Structure formats: C-alpha cells, structure tokens
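Undergrad: Input structure: structure_7.json, which contains JSON, C-alpha atoms.
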[["chain", "number", "residue", "atom", "x", "y", "z"],
["R", 140, "MET", "CA", 54.75, 13.72, 52.12],
["R", 141, "THR", "CA", 50.99, 14.25, 52.31],
["R", 142, "VAL", "CA", 48.65, 12.60, 49.85],
["R", 143, "GLU", "CA", 45.97, 14.83, 48.48],
["R", 144, "PRO", "CA", 42.41, 13.43, 48.30],
["R", 145, "ALA", "CA", 41.31, 12.50, 44.78],
["R", 146, "ALA", "CA", 38.37, 14.92, 44.88],
["R", 147, "THR", "CA", 40.63, 17.86, 45.72],
["R", 148, "ARG", "CA", 43.13, 16.87, 43.00],
["R", 149, "LEU", "CA", 40.32, 16.56, 40.46],
["R", 150, "ARG", "CA", 38.86, 19.94, 41.42],
["R", 151, "HIS", "CA", 42.23, 21.60, 40.74],
["R", 152, "GLN", "CA", 42.62, 19.77, 37.41],
["R", 153, "VAL", "CA", 39.17, 20.50, 35.91],
["R", 154, "PRO", "CA", 40.06, 24.01, 34.63],
["R", 155, "LEU", "CA", 43.23, 22.61, 33.04],
["R", 156, "VAL", "CA", 41.29, 19.77, 31.37],
["R", 157, "VAL", "CA", 38.77, 22.29, 30.00],
["R", 158, "TRP", "CA", 41.60, 24.49, 28.71],
["R", 159, "LEU", "CA", 43.40, 21.57, 27.05],
["R", 160, "VAL", "CA", 40.18, 20.38, 25.38],
["R", 161, "LEU", "CA", 39.49, 23.93, 24.15],
["R", 162, "VAL", "CA", 43.01, 24.18, 22.68],
["R", 163, "TRP", "CA", 42.52, 20.76, 21.04],
["R", 164, "MET", "CA", 39.26, 21.93, 19.46],
["R", 165, "LEU", "CA", 40.90, 25.14, 18.23],
["R", 166, "LEU", "CA", 43.77, 23.17, 16.72],
["R", 167, "TRP", "CA", 41.35, 21.00, 14.76],
["R", 168, "GLY", "CA", 39.41, 24.09, 13.67],
["R", 169, "SER", "CA", 35.95, 22.59, 13.91],
["R", 170, "TRP", "CA", 33.54, 21.42, 16.56],
["R", 171, "SER", "CA", 32.43, 17.82, 16.60],
["R", 172, "TRP", "CA", 31.71, 15.18, 19.19],
["R", 173, "ALA", "CA", 34.71, 13.21, 17.96],
["R", 174, "ASN", "CA", 37.01, 16.22, 18.47],
["R", 175, "LEU", "CA", 35.53, 16.87, 21.90],
["R", 176, "LEU", "CA", 35.95, 13.28, 23.07],
["R", 177, "SER", "CA", 39.42, 12.87, 21.56],
["R", 178, "GLY", "CA", 40.43, 16.19, 23.16],
["R", 179, "LEU", "CA", 39.20, 14.92, 26.52],
["R", 180, "VAL", "CA", 41.20, 11.70, 26.12],
["R", 181, "VAL", "CA", 44.34, 13.62, 25.10],
["R", 182, "ALA", "CA", 43.93, 16.04, 28.05],
["R", 183, "LEU", "CA", 43.57, 13.19, 30.53],
["R", 184, "VAL", "CA", 46.58, 11.35, 29.09],
["R", 185, "VAL", "CA", 48.66, 14.54, 29.28],
["R", 186, "LEU", "CA", 47.66, 15.13, 32.90],
["R", 187, "VAL", "CA", 48.40, 11.55, 33.90],
["R", 188, "LEU", "CA", 51.74, 11.30, 32.09],
["R", 189, "LEU", "CA", 52.89, 14.88, 32.76],
["R", 190, "PRO", "CA", 51.42, 15.96, 36.11],
["R", 191, "LEU", "CA", 51.94, 19.60, 36.96],
["R", 192, "PRO", "CA", 52.81, 20.81, 40.46],
["R", 193, "HIS", "CA", 50.23, 22.93, 42.22],
["R", 194, "VAL", "CA", 50.70, 26.67, 42.17],
["R", 195, "VAL", "CA", 51.65, 27.71, 45.68],
["R", 196, "GLY", "CA", 49.12, 30.15, 47.09],
["R", 197, "GLY", "CA", 46.68, 29.76, 44.23],
["R", 198, "VAL", "CA", 45.06, 32.60, 42.38],
["R", 199, "ARG", "CA", 42.84, 35.29, 43.85],
["R", 200, "VAL", "CA", 40.88, 37.05, 41.14],
["R", 201, "ARG", "CA", 39.65, 40.56, 41.89],
["R", 202, "PRO", "CA", 37.18, 41.51, 39.13],
["R", 203, "VAL", "CA", 37.50, 45.33, 39.13],
["R", 204, "PRO", "CA", 41.34, 45.41, 39.08],
["R", 205, "LEU", "CA", 41.23, 42.63, 36.46],
["R", 206, "LEU", "CA", 39.02, 44.78, 34.23],
["R", 207, "VAL", "CA", 41.38, 47.73, 34.78],
["R", 208, "PHE", "CA", 44.35, 45.57, 33.75],
["R", 209, "LEU", "CA", 42.55, 44.20, 30.68],
["R", 210, "GLY", "CA", 41.44, 47.66, 29.56],
["R", 211, "HIS", "CA", 44.96, 49.07, 29.78],
["R", 212, "PHE", "CA", 46.39, 45.92, 28.18],
["R", 213, "VAL", "CA", 44.12, 46.22, 25.13],
["R", 214, "VAL", "CA", 45.01, 49.91, 24.75],
["R", 215, "ASP", "CA", 48.74, 49.02, 25.06],
["R", 216, "LEU", "CA", 48.31, 46.37, 22.35],
["R", 217, "PHE", "CA", 46.79, 48.82, 19.88],
["R", 218, "VAL", "CA", 49.04, 51.80, 20.65],
["R", 219, "SER", "CA", 52.26, 49.76, 20.64],
["R", 220, "GLY", "CA", 51.16, 47.81, 17.58],
["R", 221, "ALA", "CA", 50.57, 51.04, 15.68],
["R", 222, "GLU", "CA", 53.90, 52.49, 16.84],
["R", 223, "VAL", "CA", 55.87, 49.38, 15.82],
["R", 224, "ALA", "CA", 54.01, 49.16, 12.51],
["R", 225, "TRP", "CA", 54.83, 52.81, 11.76],
["R", 226, "GLN", "CA", 58.50, 52.21, 12.61],
["R", 227, "THR", "CA", 58.68, 49.31, 10.17],
["R", 228, "VAL", "CA", 57.05, 51.05, 7.19],
["R", 229, "ARG", "CA", 58.50, 54.54, 7.50],
["R", 230, "PRO", "CA", 61.43, 55.32, 5.21],
["R", 231, "ALA", "CA", 63.97, 55.80, 8.04],
["R", 232, "GLY", "CA", 63.10, 52.45, 9.67],
["R", 233, "VAL", "CA", 63.85, 51.66, 13.29],
["R", 234, "ARG", "CA", 66.66, 53.87, 14.51],
["R", 235, "ARG", "CA", 67.07, 53.02, 18.18],
["R", 236, "THR", "CA", 66.36, 50.07, 20.40],
["R", 237, "ALA", "CA", 67.33, 49.40, 23.99],
["R", 238, "ILE", "CA", 67.99, 46.53, 26.33],
["R", 239, "VAL", "CA", 67.02, 47.35, 29.91],
["R", 240, "ARG", "CA", 66.81, 45.60, 33.26],
["R", 241, "VAL", "CA", 63.85, 46.12, 35.56],
["R", 242, "GLN", "CA", 63.84, 45.19, 39.25],
["R", 243, "LEU", "CA", 60.42, 43.68, 40.00],
["R", 244, "ARG", "CA", 58.89, 43.88, 43.46],
["R", 245, "VAL", "CA", 56.87, 40.70, 43.96],
["R", 246, "ASP", "CA", 58.21, 37.23, 44.70],
["R", 247, "SER", "CA", 55.47, 35.00, 43.29],
["R", 248, "ASP", "CA", 56.38, 32.63, 40.45],
["R", 249, "LEU", "CA", 52.88, 32.98, 39.03],
["R", 250, "LEU", "CA", 52.90, 36.78, 39.09],
["R", 251, "LEU", "CA", 56.43, 37.01, 37.69],
["R", 252, "THR", "CA", 55.33, 34.76, 34.82],
["R", 253, "MET", "CA", 52.19, 36.80, 34.24],
["R", 254, "VAL", "CA", 54.20, 40.04, 34.11],
["R", 255, "ALA", "CA", 56.68, 38.51, 31.66],
["R", 256, "GLU", "CA", 53.87, 37.23, 29.43],
["R", 257, "ALA", "CA", 51.92, 40.51, 29.51],
["R", 258, "ILE", "CA", 55.04, 42.48, 28.60],
["R", 259, "SER", "CA", 56.07, 40.09, 25.81],
["R", 260, "LEU", "CA", 52.61, 40.09, 24.23],
["R", 261, "VAL", "CA", 52.72, 43.86, 23.66],
["R", 262, "PRO", "CA", 54.48, 44.70, 20.36],
["R", 263, "GLY", "CA", 57.79, 46.48, 20.84],
["R", 264, "SER", "CA", 58.84, 44.71, 24.03],
["R", 265, "LEU", "CA", 60.36, 41.28, 24.44],
["R", 266, "VAL", "CA", 61.48, 39.60, 27.66],
["R", 267, "LEU", "CA", 65.00, 38.31, 27.11],
["R", 268, "ASP", "CA", 65.61, 36.99, 30.61],
["R", 269, "LEU", "CA", 63.88, 36.70, 33.96],
["R", 270, "ASP", "CA", 66.22, 36.14, 36.89],
["R", 271, "ARG", "CA", 63.93, 34.40, 39.36],
["R", 272, "GLU", "CA", 66.25, 34.69, 42.36],
["R", 273, "GLN", "CA", 66.91, 38.42, 41.97],
["R", 274, "ARG", "CA", 63.47, 39.20, 40.41],
["R", 275, "VAL", "CA", 65.16, 41.11, 37.57],
["R", 276, "MET", "CA", 63.62, 41.16, 34.10],
["R", 277, "THR", "CA", 65.76, 41.98, 31.06],
["R", 278, "LEU", "CA", 63.84, 43.44, 28.13],
["R", 279, "HIS", "CA", 64.46, 44.46, 24.54],
["R", 280, "LEU", "CA", 62.52, 47.64, 23.72],
["R", 281, "LEU", "CA", 61.69, 48.85, 20.24],
["R", 282, "PRO", "CA", 61.55, 51.74, 19.31],
["R", 283, "VAL", "CA", 63.02, 54.20, 21.79],
["R", 284, "ARG", "CA", 63.46, 57.91, 21.13],
["R", 285, "ASP", "CA", 65.76, 58.96, 23.96],
["R", 286, "ARG", "CA", 66.83, 58.17, 27.52],
["R", 287, "ALA", "CA", 63.59, 59.59, 28.95],
["R", 288, "ASP", "CA", 61.56, 57.28, 26.67],
["R", 289, "VAL", "CA", 63.57, 54.29, 27.93],
["R", 290, "GLU", "CA", 62.85, 55.29, 31.54],
["R", 291, "ARG", "CA", 59.12, 55.72, 30.76],
["R", 292, "LYS", "CA", 59.01, 52.23, 29.27],
["R", 293, "ARG", "CA", 60.91, 50.81, 32.24],
["R", 294, "ALA", "CA", 58.43, 52.47, 34.62],
["R", 295, "HIS", "CA", 55.56, 51.08, 32.54],
["R", 296, "VAL", "CA", 56.75, 47.52, 33.32],
["R", 297, "LEU", "CA", 56.32, 48.31, 37.02],
["R", 298, "VAL", "CA", 52.84, 49.69, 36.31],
["R", 299, "VAL", "CA", 51.90, 46.44, 34.55],
["R", 300, "GLU", "CA", 53.29, 44.50, 37.50],
["R", 301, "GLU", "CA", 51.20, 46.58, 39.92],
["R", 302, "ARG", "CA", 48.01, 46.09, 37.89],
["R", 303, "LEU", "CA", 48.55, 42.32, 37.80],
["R", 304, "VAL", "CA", 49.29, 42.16, 41.53],
["R", 305, "ARG", "CA", 46.13, 44.12, 42.27],
["R", 306, "ALA", "CA", 44.12, 41.78, 40.02],
["R", 307, "PHE", "CA", 45.62, 38.42, 41.08],
["R", 308, "GLY", "CA", 48.05, 38.89, 43.97],
["R", 309, "ALA", "CA", 47.90, 37.34, 47.40],
["R", 310, "PRO", "CA", 47.83, 39.67, 50.43],
["R", 311, "GLU", "CA", 51.62, 39.17, 50.80],
["R", 312, "ASP", "CA", 52.14, 40.36, 47.21],
["R", 313, "LEU", "CA", 50.05, 43.46, 47.83],
["R", 314, "GLU", "CA", 52.08, 44.18, 50.98],
["R", 315, "ALA", "CA", 55.35, 43.79, 49.04],
["R", 316, "LEU", "CA", 54.05, 46.25, 46.48],
["R", 317, "GLU", "CA", 53.10, 48.75, 49.19],
["R", 318, "ARG", "CA", 56.49, 48.38, 50.93],
["R", 319, "ALA", "CA", 58.31, 48.97, 47.64],
["R", 320, "GLY", "CA", 56.12, 52.00, 46.94],
["R", 321, "ALA", "CA", 56.81, 53.42, 50.41],
["R", 322, "GLY", "CA", 60.56, 52.85, 49.94],
["R", 323, "ALA", "CA", 60.49, 54.64, 46.59],
["R", 324, "ARG", "CA", 58.63, 57.60, 48.12],
["R", 325, "ASP", "CA", 61.19, 57.79, 50.94],
["R", 326, "GLU", "CA", 64.03, 57.78, 48.36],
["R", 327, "VAL", "CA", 62.46, 60.72, 46.56],
["R", 328, "ARG", "CA", 62.19, 62.72, 49.80],
["R", 329, "THR", "CA", 65.80, 62.02, 50.84],
["R", 330, "PRO", "CA", 68.13, 64.74, 49.48]]
Just give me the structure as structure tokens.

TA:
Amino acid sequence: MTVEPAATRLRHQVPLVVWLVLVWMLLWGSWSWANLLSGLVVALVVLVLLPLPHVVGGVRVRPVPLLVFLGHFVVDLFVSGAEVAWQTVRPAGVRRTAIVRVQLRVDSDLLLTMVAEAISLVPGSLVLDLDREQRVMTLHLLPVRDRADVERKRAHVLVVEERLVRAFGAPEDLEALERAGAGARDEVRTP
C-alpha cells in the first residue's frame, strides 16, 4: 500500500471542502462569517471521519463538449418538464408509461453515475437500477406514445452518455464509444 503525500491529498480534497462549505451555506440560507467558519469545520470533520476513495482516472473536462452537453441538458429539462406537466393536467391524464433497459457502452464508475444522474434529473425519466457489472440501466419513462417513442427515448439515453463521455471521458472511454459506434454501424450493414 502506497502512502500519498499530504500535499497531494489536500489538493484533491480542496474542491470537496469548497463544495461542502457551499452546501452548508445554502442550507443555512444566509452568508455570515460564522456560517462560513462552521461550514469549514463541518467539512473538515466529514472528510476526516468519512474519507472518500479517489476517483480512478480522475476527470478530464473538455469545455466545448461540456457546453454542448449543458445546452442540450437545459433544453431537455424544459421540453420534458412541459411534456410531463401537460400529461398531469390534461383531462385524460397519463395513459402509457414504460420500463426499459439500456445497454451503456462505457465502463467508468464516474461516467455511469453521471449518466444516471443526468437522466434522472430530466422530468419523465427515472433510473430504477444500474447494473454496474453489465453496464445496464433500467429506466421508467413517462409518458410514452408508442413503441417508436420508447425506442427514441432509449436512444436518447445513449446520446446523453455520448455527450458526457465527450465532455468528461478519458481516452479509453472515448475509444469504447467509438468501438461501440463502429459495431453498431457494422450491424446495420449486415443483412
């Protein structure tokens, strides 16, 4: 077992400390020196008592693909929110829902979690299960019109995965995405 130098450990923990202090301040609802200092103390206690393992491979942020992901994500939020809202207030209500399984292509814990979170945050879709070993995500979709709509929504999960991989993925993740894309193109060509 290798021991990590304190400076390296601290450098990896600073963003988490900042995030925990920010959440603490938001929970209190007001800015004050007392809230800032108590948030810092709470964050340090949490990190000492509940140390988190390092994310293998780290995060590589690519600004342009990140902006593309965020733009599409905001549009998805509004469009899906309006669609779900309409389904709940219309006289007929929600008629059809679906539970589907989607085979994801990447093998990164971080990216799988990001895909699951991005999908769950959009109204009308909820991740029910994520099989880490098989990389299969089970989703509840609301509303669905027909089989073609279900397939469109299933394909959209793969689009979200691709956008996140392009924004945050390691080179191995990008290669896995390209291999899966090449395999899918070969399947289409095969009679």

Undergrad: In Å, how far is it from CA of Gln226 (chain R) to CA of Asp288 (chain R)?

TA: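 Computing it gives 15.3 Å between the two atoms.
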
Undergrad: Contacts of region 308-312 of chain R at 8 Å or less, counting all atoms listed in the file, minus same-chain residues fewer than 3 places along, as a list in words?

TA: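 Close residues of region 308-312 of chain R: Gly196, Val198, Arg199, Val200, Val245, Asp246, Ser247, Leu250, Leu303, Val304, Arg305, Ala315 and Leu316 of chain R.
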
Undergrad: With a distance cut-off of 9 Å and all atoms listed in the file, select the neighbouring residues of region 150-162 of chain R, excluding the residue or stretch itself and same-chain residues fewer than 5 positions from it, and output the selection as an MDAnalysis selection string.

TA: chainID R and resid 145 167 174:183 186 193

Undergrad: With distances taken over all atoms listed in the file, which of R:Val283, R:Leu260, R:Val275, R:Leu243 is nearest to Leu297 (chain R)?

TA: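 Using all atoms listed in the file, Leu297 (chain R) sits closest to R:Leu243.
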
Undergrad: Compare R:Val296, R:Leu313, R:Ile238, R:Val207 by their minimum atom-to-atom distance to Thr277 (chain R), counting all atoms listed in the file, and give me the closest one.

TA: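 Of all the options, R:Ile238 lies closest to Thr277 (chain R).
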